[in-house]
Amino acid sequence: MPKLKLVLFALLINYSLFANTQNSFEIDSKKNIKSLLTKNYESLLISKINLENYYYTNDFKPYWIDEKGIKDIGLSLLNKIKNDPVLKPHVSQLFRLDEVMNTLNSLDKSNPKYLENLLRIDFMLTELFDRYVTYVTKGSIKWSAFEEKLTELEKETEIKASWDKYSLNKDSKLLLKKVIEKNDLSSVLDEIDFNYPQSKELVLAIGELEKVSAKGGYTKIPESKSLRVGDVSQTLPFLRKRLFESNDLTVQCKNNIEAKNLITYNINTNENILNEVNPEIEKLSTNCENIFDEDLKNAVISFQKKHGLSSDGVVGGQTQRFLNISADKKISIIRLNLERMRWLPRDLGEKYLLVNVPEYKLRLYENNHIILNMAVIVGDKKFPTPIFSDKMSYVVLNPSWNIPDSIAKNEIIPKLLKDPNYLADKGIDIYAGWNGTPEKVDSKNIIDGAILEDEEYLKNFRFSQTSNHDNPLGKMKFMFPNKYSVYIHDTPAKSLFANARRAYSHGCIRLSKPEELLSTIANEDKNLDILKANEILSSKVSEKSIGLDKKIPIHIIYLTSWVDENGVLQFREDIYNFDKIQKELLF
């Protein structure tokens, strides 16, 4: 027993000494923090008042250090910032990391001012945290400058482009307190960072492309005429190597094709040759790498699918341009799109619609699973689909189309002037006004020179097309009332969905499978009875609106790079030139 008492006594003494050490450190730290903030510290990245508020919130106690030195979470912050997938190329400049690291590396415990120097590092880390949270929650772009660019674009070209950026409003001081309380930086920052599907896989893709870049980058394809199965060309070894580098081509070729069986073109004259033996062609064909075989065609198709190109296995000009995008440029594109993910709401919804404009695709997610996936048509370059989030609240069956003034003026009126029966043939009526129940107007009474010259005059009339086979809205539209007056709808022009590039509309989104979307929504919405809806659709009933019991979040986004649900890295054409504009305005 006496020995046990001695052990307990010793433990109590050690605990008391440790507690006194902690208490002494806290007292000295608070005193020095107040002193430094009052006179001796020049802020690094944020205002001194803002910095003072951080420490006032924490009762003037340090965040990142203790009596042992810098805490692990302090080092974790530095590591997190240095390796941020968006900021990494610019991180030293944005966060003045060289100054922070120099101060950190010059720490000397024997220095009488060791505690003061340690607290300066605490201040620096707090400032780094503040700036980093700002970039994560607000984005890294000067948004007002981007909006000015869009205004300039409209003035110069009459192209009206719009993009709503979502900013996460979080109190960074409370976030920092949460980090300290949990002693966990990553989990707190993960709560405020992007959560777009497969975003982590997109981050990992940067590392794979960096390996390609470190080895000298992708093989460049010499410019040539279109290449296809059966061709013999000295360009094909370059093409094979390039497709091996991106894992599209995975098999080696075999010398099992005779030159007399090849359809190719003469290298010197660019003339097609069929079943003719040309000495130069015959010489090239002795090496199978010069021959465009079926394996190479399949590899080209694989590449084309990853880049939204027409998947025909023909290496034309557009495919060649995408093949020659460097690994470094692809990394830059990925970083931009990860940044765009920080402009989206963090909570996309348990069930939500996602329309990626450059991909020409709509997906319906439920509990992180895709339950619907279809091709769509989006706005033409002259009429870009706006980028924003909203909530779908009702559907309209057998819709009439209230034709926008601009379309009436520029498209309908000229056709009417050429053909007086145009409106009747297309089922288009003219009404004297937009509100209430205006009277129908005879086109003969209003179509004159004034309507073409005076836009204000035109606004007095509403052109409306009834539900019929010519109505561009098709049989149904899905509404989420918004300031841009765009929505999702059916279309009679089904043949356009066969095209790889589908930017044809005036801004609205046309569906390839609207019936499937209607049915899927009806499965979980008590207000939408699919049997009654189908009865209306098959009848001649004029438009019928049905409010949804459950509003569905819809996010119209603009990503030119992402990882799809199958884990495949995707790239797309920058159809509205947003990549080009936004890259210049980052950081």
# chains A, B, ... in the order shown; residues from 1 in each chain; ligands from 1
>>> residues_around(residues="stretch 570-576 of chain A", least_positions_apart="5", cutoff="6 Å", atoms="only C-alpha atoms", output="PyMOL selection string")
chain A and resi 306-308+381+560-563
>>> residues_around(residues="A:Ser542", least_positions_apart="4", cutoff="9 Å", atoms="only C-alpha atoms", output="PyMOL selection string")
chain A and resi 397-400+466-467+536
>>> residues_around(residues="A:Pro553", least_positions_apart="5", cutoff="12 Å", atoms="only C-alpha atoms", output="PyMOL selection string")
chain A and resi 345+347-355+364-366+388-393+479-480
>>> write_last_selection(atoms="N, CA, C and O atoms", output="PDB file, in the first residue's frame")
ATOM      1  N   PRO A 345     -24.331  25.086 -55.127  1.00  0.00           N
ATOM      2  CA  PRO A 345     -24.811  24.812 -53.761  1.00  0.00           C
ATOM      3  C   PRO A 345     -24.163  23.540 -53.226  1.00  0.00           C
ATOM      4  O   PRO A 345     -23.954  22.589 -53.977  1.00  0.00           O
ATOM      5  N   ASP A 347     -25.442  21.559 -50.965  1.00  0.00           N
ATOM      6  CA  ASP A 347     -26.494  20.558 -50.857  1.00  0.00           C
ATOM      7  C   ASP A 347     -27.300  20.589 -52.158  1.00  0.00           C
ATOM      8  O   ASP A 347     -28.148  21.449 -52.359  1.00  0.00           O
ATOM      9  N   LEU A 348     -27.027  19.660 -53.049  1.00  0.00           N
ATOM     10  CA  LEU A 348     -27.719  19.630 -54.332  1.00  0.00           C
ATOM     11  C   LEU A 348     -29.135  19.076 -54.194  1.00  0.00           C
ATOM     12  O   LEU A 348     -29.981  19.319 -55.044  1.00  0.00           O
ATOM     13  N   GLY A 349     -29.378  18.359 -53.089  1.00  0.00           N
ATOM     14  CA  GLY A 349     -30.697  17.784 -52.838  1.00  0.00           C
ATOM     15  C   GLY A 349     -30.627  16.267 -52.808  1.00  0.00           C
ATOM     16  O   GLY A 349     -29.734  15.655 -53.399  1.00  0.00           O
ATOM     17  N   GLU A 350     -31.582  15.644 -52.104  1.00  0.00           N
ATOM     18  CA  GLU A 350     -31.653  14.178 -52.104  1.00  0.00           C
ATOM     19  C   GLU A 350     -32.052  13.669 -53.482  1.00  0.00           C
ATOM     20  O   GLU A 350     -31.582  12.648 -53.954  1.00  0.00           O
ATOM     21  N   LYS A 351     -32.961  14.403 -54.122  1.00  0.00           N
ATOM     22  CA  LYS A 351     -33.384  14.096 -55.483  1.00  0.00           C
ATOM     23  C   LYS A 351     -33.272  15.391 -56.277  1.00  0.00           C
ATOM     24  O   LYS A 351     -33.855  16.403 -55.902  1.00  0.00           O
ATOM     25  N   TYR A 352     -32.514  15.366 -57.351  1.00  0.00           N
ATOM     26  CA  TYR A 352     -32.302  16.602 -58.099  1.00  0.00           C
ATOM     27  C   TYR A 352     -31.985  16.315 -59.562  1.00  0.00           C
ATOM     28  O   TYR A 352     -31.536  15.223 -59.926  1.00  0.00           O
ATOM     29  N   LEU A 353     -32.244  17.313 -60.382  1.00  0.00           N
ATOM     30  CA  LEU A 353     -31.930  17.265 -61.806  1.00  0.00           C
ATOM     31  C   LEU A 353     -30.645  18.030 -62.074  1.00  0.00           C
ATOM     32  O   LEU A 353     -30.438  19.111 -61.526  1.00  0.00           O
ATOM     33  N   LEU A 354     -29.816  17.470 -62.916  1.00  0.00           N
ATOM     34  CA  LEU A 354     -28.550  18.108 -63.264  1.00  0.00           C
ATOM     35  C   LEU A 354     -28.451  18.164 -64.782  1.00  0.00           C
ATOM     36  O   LEU A 354     -28.539  17.127 -65.456  1.00  0.00           O
ATOM     37  N   VAL A 355     -28.316  19.357 -65.327  1.00  0.00           N
ATOM     38  CA  VAL A 355     -28.141  19.526 -66.769  1.00  0.00           C
ATOM     39  C   VAL A 355     -26.763  20.131 -67.001  1.00  0.00           C
ATOM     40  O   VAL A 355     -26.508  21.268 -66.607  1.00  0.00           O
ATOM     41  N   LEU A 364     -31.071  12.630 -63.635  1.00  0.00           N
ATOM     42  CA  LEU A 364     -31.884  12.751 -62.430  1.00  0.00           C
ATOM     43  C   LEU A 364     -31.248  11.870 -61.363  1.00  0.00           C
ATOM     44  O   LEU A 364     -31.119  10.654 -61.551  1.00  0.00           O
ATOM     45  N   TYR A 365     -30.815  12.505 -60.268  1.00  0.00           N
ATOM     46  CA  TYR A 365     -30.166  11.796 -59.165  1.00  0.00           C
ATOM     47  C   TYR A 365     -31.158  11.593 -58.026  1.00  0.00           C
ATOM     48  O   TYR A 365     -31.976  12.471 -57.738  1.00  0.00           O
ATOM     49  N   GLU A 366     -31.054  10.461 -57.379  1.00  0.00           N
ATOM     50  CA  GLU A 366     -31.804  10.218 -56.159  1.00  0.00           C
ATOM     51  C   GLU A 366     -30.907   9.434 -55.208  1.00  0.00           C
ATOM     52  O   GLU A 366     -30.437   8.341 -55.539  1.00  0.00           O
ATOM     53  N   PHE A 388     -27.655  28.358 -63.742  1.00  0.00           N
ATOM     54  CA  PHE A 388     -28.231  28.730 -62.451  1.00  0.00           C
ATOM     55  C   PHE A 388     -28.908  27.520 -61.814  1.00  0.00           C
ATOM     56  O   PHE A 388     -29.018  26.449 -62.436  1.00  0.00           O
ATOM     57  N   SER A 389     -29.361  27.672 -60.577  1.00  0.00           N
ATOM     58  CA  SER A 389     -30.097  26.626 -59.854  1.00  0.00           C
ATOM     59  C   SER A 389     -31.475  27.147 -59.488  1.00  0.00           C
ATOM     60  O   SER A 389     -31.654  28.330 -59.202  1.00  0.00           O
ATOM     61  N   ASP A 390     -32.448  26.246 -59.482  1.00  0.00           N
ATOM     62  CA  ASP A 390     -33.814  26.615 -59.113  1.00  0.00           C
ATOM     63  C   ASP A 390     -34.545  25.349 -58.669  1.00  0.00           C
ATOM     64  O   ASP A 390     -33.911  24.313 -58.431  1.00  0.00           O
ATOM     65  N   LYS A 391     -35.887  25.420 -58.611  1.00  0.00           N
ATOM     66  CA  LYS A 391     -36.683  24.252 -58.234  1.00  0.00           C
ATOM     67  C   LYS A 391     -37.861  24.091 -59.188  1.00  0.00           C
ATOM     68  O   LYS A 391     -38.620  25.031 -59.401  1.00  0.00           O
ATOM     69  N   MET A 392     -37.999  22.893 -59.742  1.00  0.00           N
ATOM     70  CA  MET A 392     -39.123  22.604 -60.610  1.00  0.00           C
ATOM     71  C   MET A 392     -40.385  22.506 -59.764  1.00  0.00           C
ATOM     72  O   MET A 392     -40.439  21.758 -58.788  1.00  0.00           O
ATOM     73  N   SER A 393     -41.427  23.249 -60.152  1.00  0.00           N
ATOM     74  CA  SER A 393     -42.626  23.305 -59.316  1.00  0.00           C
ATOM     75  C   SER A 393     -43.897  22.830 -60.013  1.00  0.00           C
ATOM     76  O   SER A 393     -44.877  22.500 -59.352  1.00  0.00           O
ATOM     77  N   MET A 479     -41.593  23.149 -65.569  1.00  0.00           N
ATOM     78  CA  MET A 479     -41.411  24.555 -65.225  1.00  0.00           C
ATOM     79  C   MET A 479     -40.726  24.777 -63.872  1.00  0.00           C
ATOM     80  O   MET A 479     -41.056  24.138 -62.872  1.00  0.00           O
ATOM     81  N   PHE A 480     -39.791  25.696 -63.880  1.00  0.00           N
ATOM     82  CA  PHE A 480     -39.141  26.199 -62.662  1.00  0.00           C
ATOM     83  C   PHE A 480     -39.029  27.706 -62.849  1.00  0.00           C
ATOM     84  O   PHE A 480     -37.994  28.222 -63.278  1.00  0.00           O
TER      85      PHE A 480
END
>>> select_by_dssp(residues="stretch 324-420 of chain A", states="helix (DSSP H, G or I)", output="JSON, numbers by chain")
{"A": [327, 328, 329, 330, 331, 332, 333, 334, 335, 336, 337, 338, 339, 340, 341, 357, 358, 359, 405, 406, 407, 408, 409, 410, 411, 412, 413, 414, 415, 416, 417, 418]}
>>> write_last_selection(atoms="N, CA and C atoms", output="mmCIF file, in the first residue's frame")
data_model
loop_
_atom_site.group_PDB
_atom_site.id
_atom_site.type_symbol
_atom_site.label_atom_id
_atom_site.label_comp_id
_atom_site.auth_asym_id
_atom_site.auth_seq_id
_atom_site.Cartn_x
_atom_site.Cartn_y
_atom_site.Cartn_z
ATOM 1 N N ALA A 327 -1.336 17.597 -72.117
ATOM 2 C CA ALA A 327 -1.670 17.154 -70.757
ATOM 3 C C ALA A 327 -1.740 18.343 -69.814
ATOM 4 N N ASP A 328 -0.829 19.305 -69.988
ATOM 5 C CA ASP A 328 -0.826 20.495 -69.121
ATOM 6 C C ASP A 328 -2.095 21.315 -69.304
ATOM 7 N N LYS A 329 -2.561 21.430 -70.556
ATOM 8 C CA LYS A 329 -3.794 22.188 -70.794
ATOM 9 C C LYS A 329 -4.985 21.456 -70.177
ATOM 10 N N LYS A 330 -4.965 20.137 -70.259
ATOM 11 C CA LYS A 330 -6.068 19.367 -69.661
ATOM 12 C C LYS A 330 -6.082 19.542 -68.140
ATOM 13 N N ILE A 331 -4.914 19.596 -67.530
ATOM 14 C CA ILE A 331 -4.834 19.842 -66.088
ATOM 15 C C ILE A 331 -5.440 21.202 -65.766
ATOM 16 N N SER A 332 -5.104 22.192 -66.586
ATOM 17 C CA SER A 332 -5.643 23.540 -66.389
ATOM 18 C C SER A 332 -7.166 23.550 -66.514
ATOM 19 N N ILE A 333 -7.693 22.802 -67.480
ATOM 20 C CA ILE A 333 -9.147 22.718 -67.671
ATOM 21 C C ILE A 333 -9.801 22.058 -66.460
ATOM 22 N N ILE A 334 -9.181 21.003 -65.946
ATOM 23 C CA ILE A 334 -9.728 20.313 -64.766
ATOM 24 C C ILE A 334 -9.762 21.257 -63.574
ATOM 25 N N ARG A 335 -8.685 21.988 -63.350
ATOM 26 C CA ARG A 335 -8.642 22.907 -62.204
ATOM 27 C C ARG A 335 -9.762 23.947 -62.306
ATOM 28 N N LEU A 336 -10.001 24.465 -63.512
ATOM 29 C CA LEU A 336 -11.071 25.438 -63.701
ATOM 30 C C LEU A 336 -12.425 24.831 -63.353
ATOM 31 N N ASN A 337 -12.639 23.596 -63.750
ATOM 32 C CA ASN A 337 -13.930 22.964 -63.491
ATOM 33 C C ASN A 337 -14.106 22.566 -62.034
ATOM 34 N N LEU A 338 -13.029 22.247 -61.351
ATOM 35 C CA LEU A 338 -13.103 22.043 -59.898
ATOM 36 C C LEU A 338 -13.470 23.360 -59.213
ATOM 37 N N GLU A 339 -12.917 24.445 -59.718
ATOM 38 C CA GLU A 339 -13.275 25.764 -59.197
ATOM 39 C C GLU A 339 -14.770 26.026 -59.403
ATOM 40 N N ARG A 340 -15.290 25.673 -60.575
ATOM 41 C CA ARG A 340 -16.716 25.866 -60.845
ATOM 42 C C ARG A 340 -17.589 25.064 -59.872
ATOM 43 N N MET A 341 -17.091 23.933 -59.440
ATOM 44 C CA MET A 341 -17.851 23.140 -58.479
ATOM 45 C C MET A 341 -17.998 23.877 -57.150
ATOM 46 N N VAL A 357 -24.552 21.659 -69.583
ATOM 47 C CA VAL A 357 -24.754 22.250 -70.903
ATOM 48 C C VAL A 357 -23.725 21.768 -71.932
ATOM 49 N N PRO A 358 -22.397 21.806 -71.667
ATOM 50 C CA PRO A 358 -21.449 21.368 -72.697
ATOM 51 C C PRO A 358 -21.542 19.868 -73.013
ATOM 52 N N GLU A 359 -22.138 19.106 -72.102
ATOM 53 C CA GLU A 359 -22.275 17.661 -72.329
ATOM 54 C C GLU A 359 -23.560 17.333 -73.081
ATOM 55 N N ASP A 405 -40.797 38.029 -78.108
ATOM 56 C CA ASP A 405 -40.808 39.163 -79.043
ATOM 57 C C ASP A 405 -39.704 39.065 -80.093
ATOM 58 N N SER A 406 -38.510 38.696 -79.626
ATOM 59 C CA SER A 406 -37.367 38.666 -80.551
ATOM 60 C C SER A 406 -37.593 37.645 -81.665
ATOM 61 N N ILE A 407 -38.160 36.485 -81.307
ATOM 62 C CA ILE A 407 -38.408 35.444 -82.321
ATOM 63 C C ILE A 407 -39.555 35.874 -83.234
ATOM 64 N N ALA A 408 -40.578 36.484 -82.638
ATOM 65 C CA ALA A 408 -41.701 36.966 -83.453
ATOM 66 C C ALA A 408 -41.215 37.988 -84.481
ATOM 67 N N LYS A 409 -40.384 38.895 -84.026
ATOM 68 C CA LYS A 409 -39.909 39.972 -84.901
ATOM 69 C C LYS A 409 -38.954 39.450 -85.981
ATOM 70 N N ASN A 410 -37.994 38.606 -85.565
ATOM 71 C CA ASN A 410 -36.923 38.212 -86.483
ATOM 72 C C ASN A 410 -37.238 36.972 -87.315
ATOM 73 N N GLU A 411 -38.180 36.155 -86.853
ATOM 74 C CA GLU A 411 -38.432 34.902 -87.562
ATOM 75 C C GLU A 411 -39.871 34.754 -88.058
ATOM 76 N N ILE A 412 -40.854 35.071 -87.190
ATOM 77 C CA ILE A 412 -42.251 34.843 -87.556
ATOM 78 C C ILE A 412 -42.750 35.888 -88.560
ATOM 79 N N ILE A 413 -42.531 37.170 -88.256
ATOM 80 C CA ILE A 413 -43.034 38.246 -89.106
ATOM 81 C C ILE A 413 -42.500 38.151 -90.540
ATOM 82 N N PRO A 414 -41.186 37.956 -90.748
ATOM 83 C CA PRO A 414 -40.686 37.843 -92.130
ATOM 84 C C PRO A 414 -41.366 36.711 -92.908
ATOM 85 N N LYS A 415 -41.627 35.576 -92.232
ATOM 86 C CA LYS A 415 -42.295 34.456 -92.912
ATOM 87 C C LYS A 415 -43.751 34.801 -93.228
ATOM 88 N N LEU A 416 -44.394 35.539 -92.315
ATOM 89 C CA LEU A 416 -45.779 35.940 -92.523
ATOM 90 C C LEU A 416 -45.903 36.905 -93.703
ATOM 91 N N LEU A 417 -44.943 37.800 -93.828
ATOM 92 C CA LEU A 417 -44.970 38.762 -94.932
ATOM 93 C C LEU A 417 -44.820 38.070 -96.287
ATOM 94 N N LYS A 418 -44.110 36.958 -96.296
ATOM 95 C CA LYS A 418 -43.947 36.198 -97.540
ATOM 96 C C LYS A 418 -45.156 35.314 -97.819
#
>>> residues_around(residues="A:Phe463", least_positions_apart="2", cutoff="6 Å", atoms="only C-alpha atoms", output="list in words")
Asn402, Ile403, Asp429 and Ile430 of chain A
>>> write_last_selection(atoms="N, CA, C and O atoms", output="PDB file, in the first residue's frame")
ATOM      1  N   ASN A 402     -45.973  30.709 -76.111  1.00  0.00           N
ATOM      2  CA  ASN A 402     -45.988  32.161 -76.218  1.00  0.00           C
ATOM      3  C   ASN A 402     -44.653  32.605 -76.798  1.00  0.00           C
ATOM      4  O   ASN A 402     -43.624  32.559 -76.126  1.00  0.00           O
ATOM      5  N   ILE A 403     -44.685  33.011 -78.035  1.00  0.00           N
ATOM      6  CA  ILE A 403     -43.447  33.256 -78.782  1.00  0.00           C
ATOM      7  C   ILE A 403     -42.791  34.549 -78.309  1.00  0.00           C
ATOM      8  O   ILE A 403     -43.430  35.611 -78.303  1.00  0.00           O
ATOM      9  N   ASP A 429     -51.731  32.103 -83.220  1.00  0.00           N
ATOM     10  CA  ASP A 429     -52.712  33.166 -83.059  1.00  0.00           C
ATOM     11  C   ASP A 429     -52.030  34.417 -82.514  1.00  0.00           C
ATOM     12  O   ASP A 429     -50.994  34.334 -81.845  1.00  0.00           O
ATOM     13  N   ILE A 430     -52.626  35.590 -82.781  1.00  0.00           N
ATOM     14  CA  ILE A 430     -52.115  36.853 -82.254  1.00  0.00           C
ATOM     15  C   ILE A 430     -53.156  37.428 -81.304  1.00  0.00           C
ATOM     16  O   ILE A 430     -54.346  37.489 -81.630  1.00  0.00           O
TER      17      ILE A 430
END
>>> closest_residue(among="A:Ser512, A:Asn471, A:Thr103, A:Ser538", to="A:Lys494", atoms="only C-alpha atoms")
A:Ser512
>>> residues_around(residues="A:Glu26", least_positions_apart="5", cutoff="12 Å", atoms="only C-alpha atoms", output="JSON, numbers by chain")
{"A": [19, 20, 21, 31, 32, 33, 59, 60, 61, 62, 63, 65, 66, 67, 115, 119]}
>>> closest_residue(among="A:Phe461, A:Tyr504, A:Phe292, A:Tyr394", to="A:Lys551", atoms="only C-alpha atoms")
A:Tyr394
>>> closest_residue(among="A:Val188, A:Leu78, A:Ala375, A:Leu168", to="A:Thr134", atoms="only C-alpha atoms")
A:Leu168
>>> select_by_dssp(residues="stretch 59-283 of chain A", states="strand (DSSP E)", output="ChimeraX atom specification")
/A:65-66,69-70,263-265,272-274
